[in-house]
>>> print(open('upload26.pdb').read())   # PDB, C-alpha atoms, pLDDT in the B column
ATOM      1  CA  MET A 111       3.349  18.391 -31.995  1.00 94.00           C
ATOM      2  CA  LYS A 112       4.414  21.984 -32.406  1.00 91.00           C
ATOM      3  CA  TYR A 113       7.991  23.138 -32.000  1.00 94.00           C
ATOM      4  CA  SER A 114      10.547  25.821 -32.693  1.00 93.00           C
ATOM      5  CA  GLU A 115      14.283  26.150 -32.274  1.00 95.00           C
ATOM      6  CA  ALA A 116      16.168  28.349 -29.815  1.00 97.00           C
ATOM      7  CA  LYS A 117      19.733  29.080 -28.790  1.00 97.00           C
ATOM      8  CA  GLN A 118      21.134  29.297 -25.296  1.00 98.00           C
ATOM      9  CA  GLY A 119      21.847  32.777 -24.037  1.00 98.00           C
ATOM     10  CA  ARG A 120      22.994  33.874 -20.598  1.00 98.00           C
ATOM     11  CA  ILE A 121      22.850  31.707 -17.499  1.00 98.00           C
ATOM     12  CA  PHE A 122      21.773  33.280 -14.201  1.00 98.00           C
ATOM     13  CA  VAL A 123      22.306  31.924 -10.689  1.00 98.00           C
ATOM     14  CA  VAL A 124      19.588  33.375  -8.452  1.00 98.00           C
ATOM     15  CA  ARG A 125      18.767  33.069  -4.760  1.00 98.00           C
ATOM     16  CA  LEU A 126      15.276  33.949  -3.600  1.00 98.00           C
ATOM     17  CA  GLU A 127      14.904  35.130  -0.006  1.00 98.00           C
ATOM     18  CA  ASP A 128      12.582  34.171   2.842  1.00 98.00           C
ATOM     19  CA  GLY A 129       8.956  35.189   2.238  1.00 98.00           C
ATOM     20  CA  GLU A 130       9.292  36.046  -1.460  1.00 98.00           C
ATOM     21  CA  THR A 131       6.693  34.655  -3.883  1.00 98.00           C
ATOM     22  CA  VAL A 132       8.395  32.484  -6.503  1.00 98.00           C
ATOM     23  CA  HIS A 133       6.543  33.348  -9.714  1.00 98.00           C
ATOM     24  CA  GLU A 134       6.391  37.072  -8.915  1.00 98.00           C
ATOM     25  CA  GLU A 135      10.121  37.365  -8.225  1.00 98.00           C
ATOM     26  CA  ILE A 136      11.151  35.367 -11.301  1.00 98.00           C
ATOM     27  CA  GLU A 137       8.909  37.416 -13.586  1.00 98.00           C
ATOM     28  CA  LYS A 138      10.226  40.704 -12.103  1.00 98.00           C
ATOM     29  CA  PHE A 139      13.800  39.455 -12.546  1.00 98.00           C
ATOM     30  CA  ALA A 140      13.077  38.542 -16.170  1.00 98.00           C
ATOM     31  CA  ILE A 141      11.842  42.083 -16.858  1.00 98.00           C
ATOM     32  CA  LYS A 142      14.855  43.652 -15.133  1.00 98.00           C
ATOM     33  CA  GLN A 143      17.309  41.463 -17.067  1.00 98.00           C
ATOM     34  CA  SER A 144      15.400  41.617 -20.394  1.00 98.00           C
ATOM     35  CA  ILE A 145      14.906  37.832 -20.428  1.00 98.00           C
ATOM     36  CA  THR A 146      12.118  36.945 -22.844  1.00 96.00           C
ATOM     37  CA  ALA A 147      12.392  33.148 -22.693  1.00 98.00           C
ATOM     38  CA  ALA A 148      14.113  30.675 -20.365  1.00 98.00           C
ATOM     39  CA  ALA A 149      14.264  27.197 -18.878  1.00 98.00           C
ATOM     40  CA  MET A 150      14.692  26.914 -15.104  1.00 98.00           C
ATOM     41  CA  ILE A 151      15.538  24.513 -12.317  1.00 98.00           C
ATOM     42  CA  ILE A 152      14.857  25.326  -8.657  1.00 98.00           C
ATOM     43  CA  ILE A 153      15.605  23.827  -5.228  1.00 98.00           C
ATOM     44  CA  GLY A 154      15.055  25.007  -1.669  1.00 98.00           C
ATOM     45  CA  GLY A 155      12.277  25.334   0.862  1.00 98.00           C
ATOM     46  CA  ALA A 156       8.602  26.305   0.535  1.00 98.00           C
ATOM     47  CA  ASN A 157       6.911  27.972   3.466  1.00 98.00           C
ATOM     48  CA  GLU A 158       3.735  26.972   5.245  1.00 98.00           C
ATOM     49  CA  GLY A 159       0.705  28.502   3.516  1.00 98.00           C
ATOM     50  CA  SER A 160       2.219  28.196   0.032  1.00 98.00           C
ATOM     51  CA  LYS A 161      -0.378  27.382  -2.616  1.00 98.00           C
ATOM     52  CA  LEU A 162       0.000  24.852  -5.438  1.00 98.00           C
ATOM     53  CA  VAL A 163      -2.326  24.094  -8.337  1.00 97.00           C
ATOM     54  CA  VAL A 164      -2.629  20.307  -8.091  1.00 97.00           C
ATOM     55  CA  GLY A 165      -4.753  19.362 -11.064  1.00 92.00           C
ATOM     56  CA  PRO A 166      -8.071  19.956 -12.687  1.00 92.00           C
ATOM     57  CA  GLU A 167     -11.195  19.156 -10.727  1.00 91.00           C
ATOM     58  CA  ASN A 168     -12.467  17.245 -13.771  1.00 92.00           C
ATOM     59  CA  GLY A 169      -9.983  16.239 -16.479  1.00 89.00           C
ATOM     60  CA  LYS A 170     -12.611  16.464 -19.245  1.00 90.00           C
ATOM     61  CA  ALA A 171     -14.211  19.810 -18.300  1.00 88.00           C
ATOM     62  CA  LYS A 172     -13.568  22.947 -20.323  1.00 89.00           C
ATOM     63  CA  PRO A 173     -12.635  25.474 -19.248  1.00 88.00           C
ATOM     64  CA  VAL A 174     -10.342  23.795 -16.726  1.00 88.00           C
ATOM     65  CA  ASN A 175     -11.311  24.296 -13.081  1.00 91.00           C
ATOM     66  CA  PRO A 176      -8.021  24.061 -11.133  1.00 93.00           C
ATOM     67  CA  MET A 177      -7.732  22.527  -7.668  1.00 96.00           C
ATOM     68  CA  GLU A 178      -5.518  24.159  -5.061  1.00 97.00           C
ATOM     69  CA  HIS A 179      -3.477  22.659  -2.228  1.00 98.00           C
ATOM     70  CA  ILE A 180      -2.120  24.752   0.649  1.00 98.00           C
ATOM     71  CA  LEU A 181       1.036  23.492   2.353  1.00 98.00           C
ATOM     72  CA  ASP A 182       0.419  22.975   6.061  1.00 97.00           C
ATOM     73  CA  ASN A 183       4.101  23.212   7.020  1.00 98.00           C
ATOM     74  CA  VAL A 184       7.575  23.896   5.608  1.00 98.00           C
ATOM     75  CA  HIS A 185       8.521  21.555   2.722  1.00 98.00           C
ATOM     76  CA  GLU A 186      11.699  20.765   0.795  1.00 98.00           C
ATOM     77  CA  ILE A 187      11.213  21.476  -2.909  1.00 98.00           C
ATOM     78  CA  THR A 188      12.616  20.741  -6.313  1.00 98.00           C
ATOM     79  CA  GLY A 189      11.158  21.959  -9.557  1.00 98.00           C
ATOM     80  CA  THR A 190      11.523  22.877 -13.160  1.00 98.00           C
ATOM     81  CA  GLY A 191       9.853  25.350 -15.439  1.00 98.00           C
ATOM     82  CA  THR A 192       9.814  27.602 -18.448  1.00 98.00           C
ATOM     83  CA  LEU A 193       9.347  31.299 -19.041  1.00 98.00           C
ATOM     84  CA  PHE A 194       7.850  32.768 -22.232  1.00 98.00           C
ATOM     85  CA  PRO A 195       6.136  36.069 -23.012  1.00 97.00           C
ATOM     86  CA  ASP A 196       2.373  36.404 -23.305  1.00 96.00           C
ATOM     87  CA  ASP A 197       0.545  38.304 -26.074  1.00 92.00           C
ATOM     88  CA  ASP A 198       1.456  41.603 -24.390  1.00 94.00           C
ATOM     89  CA  GLY A 199       5.156  40.701 -24.057  1.00 95.00           C
ATOM     90  CA  ASN A 200       4.965  40.091 -20.292  1.00 96.00           C
ATOM     91  CA  PRO A 201       7.104  37.195 -19.002  1.00 96.00           C
ATOM     92  CA  VAL A 202       4.954  34.323 -17.693  1.00 97.00           C
ATOM     93  CA  ILE A 203       6.406  31.303 -15.931  1.00 97.00           C
ATOM     94  CA  HIS A 204       5.043  27.785 -15.928  1.00 97.00           C
ATOM     95  CA  MET A 205       6.775  25.893 -13.138  1.00 98.00           C
ATOM     96  CA  HIS A 206       5.963  22.693 -11.301  1.00 98.00           C
ATOM     97  CA  MET A 207       7.404  21.777  -7.915  1.00 98.00           C
ATOM     98  CA  ALA A 208       7.533  18.600  -5.911  1.00 98.00           C
ATOM     99  CA  CYS A 209       7.179  19.582  -2.240  1.00 98.00           C
ATOM    100  CA  GLY A 210       8.104  16.970   0.357  1.00 98.00           C
ATOM    101  CA  ARG A 211       7.951  16.628   4.124  1.00 98.00           C
ATOM    102  CA  ASN A 212       8.710  13.345   5.877  1.00 96.00           C
ATOM    103  CA  ALA A 213       7.296  10.564   3.675  1.00 96.00           C
ATOM    104  CA  ASN A 214       4.719  12.774   1.928  1.00 97.00           C
ATOM    105  CA  THR A 215       5.108  14.640  -1.343  1.00 98.00           C
ATOM    106  CA  ILE A 216       2.730  16.911  -3.233  1.00 98.00           C
ATOM    107  CA  THR A 217       3.435  18.145  -6.755  1.00 98.00           C
ATOM    108  CA  GLY A 218       1.846  21.095  -8.505  1.00 98.00           C
ATOM    109  CA  CYS A 219       2.146  24.376 -10.359  1.00 97.00           C
ATOM    110  CA  VAL A 220       3.434  27.451  -8.476  1.00 98.00           C
ATOM    111  CA  ARG A 221       1.114  30.014 -10.125  1.00 95.00           C
ATOM    112  CA  SER A 222      -1.171  30.325  -7.043  1.00 95.00           C
ATOM    113  CA  GLY A 223       1.668  31.570  -4.836  1.00 97.00           C
ATOM    114  CA  VAL A 224       4.542  29.527  -3.411  1.00 98.00           C
ATOM    115  CA  LYS A 225       6.390  31.417  -0.679  1.00 98.00           C
ATOM    116  CA  VAL A 226      10.091  30.871  -0.023  1.00 98.00           C
ATOM    117  CA  TRP A 227      11.157  29.380   3.312  1.00 98.00           C
ATOM    118  CA  GLN A 228      14.652  30.724   4.013  1.00 98.00           C
ATOM    119  CA  ILE A 229      16.040  30.295   0.455  1.00 97.00           C
ATOM    120  CA  MET A 230      15.375  28.890  -2.983  1.00 98.00           C
ATOM    121  CA  GLU A 231      18.121  28.566  -5.550  1.00 98.00           C
ATOM    122  CA  ILE A 232      17.304  28.933  -9.242  1.00 98.00           C
ATOM    123  CA  ILE A 233      19.399  28.403 -12.328  1.00 98.00           C
ATOM    124  CA  ILE A 234      17.878  30.305 -15.252  1.00 98.00           C
ATOM    125  CA  PHE A 235      18.977  29.268 -18.743  1.00 98.00           C
ATOM    126  CA  GLU A 236      18.042  32.083 -21.099  1.00 98.00           C
ATOM    127  CA  LEU A 237      16.669  31.039 -24.509  1.00 98.00           C
ATOM    128  CA  VAL A 238      17.305  33.401 -27.412  1.00 98.00           C
ATOM    129  CA  ASP A 239      16.215  33.465 -31.047  1.00 97.00           C
ATOM    130  CA  THR A 240      12.920  31.787 -30.191  1.00 96.00           C
ATOM    131  CA  THR A 241       9.429  32.647 -31.376  1.00 94.00           C
ATOM    132  CA  GLY A 242       7.742  30.939 -28.419  1.00 96.00           C
ATOM    133  CA  LYS A 243       5.031  32.780 -26.517  1.00 96.00           C
ATOM    134  CA  ARG A 244       2.050  32.046 -24.297  1.00 96.00           C
ATOM    135  CA  VAL A 245      -1.316  32.497 -25.996  1.00 95.00           C
ATOM    136  CA  PHE A 246      -4.653  32.431 -24.173  1.00 93.00           C
ATOM    137  CA  ASP A 247      -6.762  29.392 -25.063  1.00 92.00           C
ATOM    138  CA  PRO A 248     -10.434  30.225 -24.370  1.00 92.00           C
ATOM    139  CA  ASP A 249     -11.467  26.541 -24.379  1.00 90.00           C
ATOM    140  CA  LEU A 250      -9.040  25.599 -21.588  1.00 89.00           C
ATOM    141  CA  GLY A 251      -9.072  28.972 -19.828  1.00 88.00           C
ATOM    142  CA  PHE A 252      -5.302  29.502 -19.562  1.00 86.00           C
ATOM    143  CA  LYS A 253      -2.270  30.528 -21.611  1.00 91.00           C
ATOM    144  CA  LEU A 254      -0.608  27.767 -23.644  1.00 93.00           C
ATOM    145  CA  LEU A 255       2.891  27.756 -25.045  1.00 96.00           C
ATOM    146  CA  ASN A 256       2.839  28.356 -28.785  1.00 94.00           C
ATOM    147  CA  PRO A 257       6.388  27.461 -29.875  1.00 94.00           C
TER     148      PRO A 257
END
>>> encode(input="upload26.pdb", output="structure tokens")
Amino acid sequence: MKYSEAKQGRIFVVRLEDGETVHEEIEKFAIKQSITAAAMIIIGGANEGSKLVVGPENGKAKPVNPMEHILDNVHEITGTGTLFPDDDGNPVIHMHMACGRNANTITGCVRSGVKVWQIMEIIIFELVDTTGKRVFDPDLGFKLLNP
């Protein structure tokens, strides 16, 4: 286990609009508001054609080869995530969503491009006085949180 301590900073209430891409808008907002680290919760609707990373093709393979799922219709969503800077200081989110329609639910990471259907509401809890950042791990092939 690796950990660090942080303090709570500002809290933002954000509404994303129809057609916006979740991770892109959150990262742009973080730059505009000078948010370097945060925890987030999100609810709303994901549009047809949204893409989720739904797991590695082979859990033992390195680097990880992600699988992608494309939503075939509008889905209700709920999710949670974090935001930390990478080695270059750019904000990078890691957010998972559960997307449901009727009796079916698919859960995955939003980094491939989840598009908003009508609205998504996000509460962003800024974290301050933290040393956490995302560092590229060449064995896995993606950026890991280094607290």
>>> resolve_selection(input="upload26.pdb", expression="the PyMOL selection byres ((chain A and resi 154-156) around 6)", output="PyMOL selection string")
chain A and resi 153+157+184-187+225-227+229-230
>>> atom_distance(input="upload26.pdb", atom1="atom CA of Pro166 of chain A", atom2="atom CA of Ile136 of chain A")
24.7 Å
>>> closest_residue(input="upload26.pdb", among="A:Tyr113, A:Ala147, A:Cys209, A:Asp249", to="Lys170 of chain A", atoms="all atoms listed in the file")
A:Asp249
>>> closest_residue(input="upload26.pdb", among="A:Leu250, A:Val123, A:Thr146, A:Pro257", to="Ala171 of chain A", atoms="all atoms listed in the file")
A:Leu250
>>> residues_around(input="upload26.pdb", residues="His179 of chain A", least_positions_apart="2", cutoff="9 Å", atoms="all atoms listed in the file", output="JSON, numbers by chain")
{"A": [160, 161, 162, 163, 164, 177, 181, 216, 218]}
>>> build_atoms(input="upload26.pdb", residues="segment 174-199 of chain A", atoms="N, CA and C atoms", output="compact mmCIF listing (two decimals), in the frame of the given file")
# COMPACT_ATOMS: atom_id res chain seq x y z
N VAL A 174 -10.91 24.55 -17.84
CA VAL A 174 -10.34 23.80 -16.73
C VAL A 174 -10.64 24.52 -15.42
N ASN A 175 -11.09 23.76 -14.43
CA ASN A 175 -11.31 24.30 -13.08
C ASN A 175 -10.20 23.75 -12.18
N PRO A 176 -9.17 24.57 -11.88
CA PRO A 176 -8.02 24.06 -11.13
C PRO A 176 -8.34 23.79 -9.67
N MET A 177 -7.66 22.81 -9.10
CA MET A 177 -7.73 22.53 -7.67
C MET A 177 -6.49 23.14 -7.02
N GLU A 178 -6.62 23.53 -5.77
CA GLU A 178 -5.52 24.16 -5.06
C GLU A 178 -5.21 23.39 -3.79
N HIS A 179 -3.92 23.29 -3.47
CA HIS A 179 -3.48 22.66 -2.23
C HIS A 179 -2.63 23.67 -1.47
N ILE A 180 -2.89 23.83 -0.19
CA ILE A 180 -2.12 24.75 0.65
C ILE A 180 -1.22 23.93 1.57
N LEU A 181 0.08 24.23 1.51
CA LEU A 181 1.04 23.49 2.35
C LEU A 181 0.79 23.82 3.82
N ASP A 182 0.71 22.79 4.64
CA ASP A 182 0.42 22.98 6.06
C ASP A 182 1.67 23.14 6.92
N ASN A 183 2.85 23.06 6.29
CA ASN A 183 4.10 23.21 7.02
C ASN A 183 5.21 23.48 6.01
N VAL A 184 6.41 23.70 6.48
CA VAL A 184 7.58 23.90 5.61
C VAL A 184 7.86 22.60 4.86
N HIS A 185 8.21 22.71 3.57
CA HIS A 185 8.52 21.56 2.72
C HIS A 185 9.82 21.79 1.95
N GLU A 186 10.57 20.73 1.72
CA GLU A 186 11.70 20.76 0.80
C GLU A 186 11.13 20.73 -0.61
N ILE A 187 11.76 21.44 -1.55
CA ILE A 187 11.21 21.48 -2.91
C ILE A 187 12.30 21.25 -3.96
N THR A 188 11.83 20.75 -5.09
CA THR A 188 12.62 20.74 -6.31
C THR A 188 11.64 20.97 -7.45
N GLY A 189 12.09 21.66 -8.48
CA GLY A 189 11.16 21.96 -9.56
C GLY A 189 11.86 22.34 -10.84
N THR A 190 11.04 22.46 -11.85
CA THR A 190 11.52 22.88 -13.16
C THR A 190 10.44 23.69 -13.85
N GLY A 191 10.85 24.54 -14.77
CA GLY A 191 9.85 25.35 -15.44
C GLY A 191 10.39 26.06 -16.66
N THR A 192 9.47 26.80 -17.28
CA THR A 192 9.81 27.60 -18.45
C THR A 192 9.27 29.01 -18.25
N LEU A 193 9.80 29.92 -19.03
CA LEU A 193 9.35 31.30 -19.04
C LEU A 193 9.25 31.74 -20.50
N PHE A 194 8.07 32.24 -20.89
CA PHE A 194 7.85 32.77 -22.23
C PHE A 194 6.93 33.98 -22.11
N PRO A 195 7.00 34.89 -23.07
CA PRO A 195 6.14 36.07 -23.01
C PRO A 195 4.70 35.73 -23.41
N ASP A 196 3.76 36.53 -22.87
CA ASP A 196 2.37 36.40 -23.30
C ASP A 196 2.14 37.32 -24.50
N ASP A 197 0.88 37.47 -24.91
CA ASP A 197 0.55 38.30 -26.07
C ASP A 197 0.97 39.76 -25.90
N ASP A 198 1.07 40.22 -24.66
CA ASP A 198 1.46 41.60 -24.39
C ASP A 198 2.96 41.76 -24.15
N GLY A 199 3.71 40.65 -24.27
CA GLY A 199 5.16 40.70 -24.06
C GLY A 199 5.59 40.54 -22.62
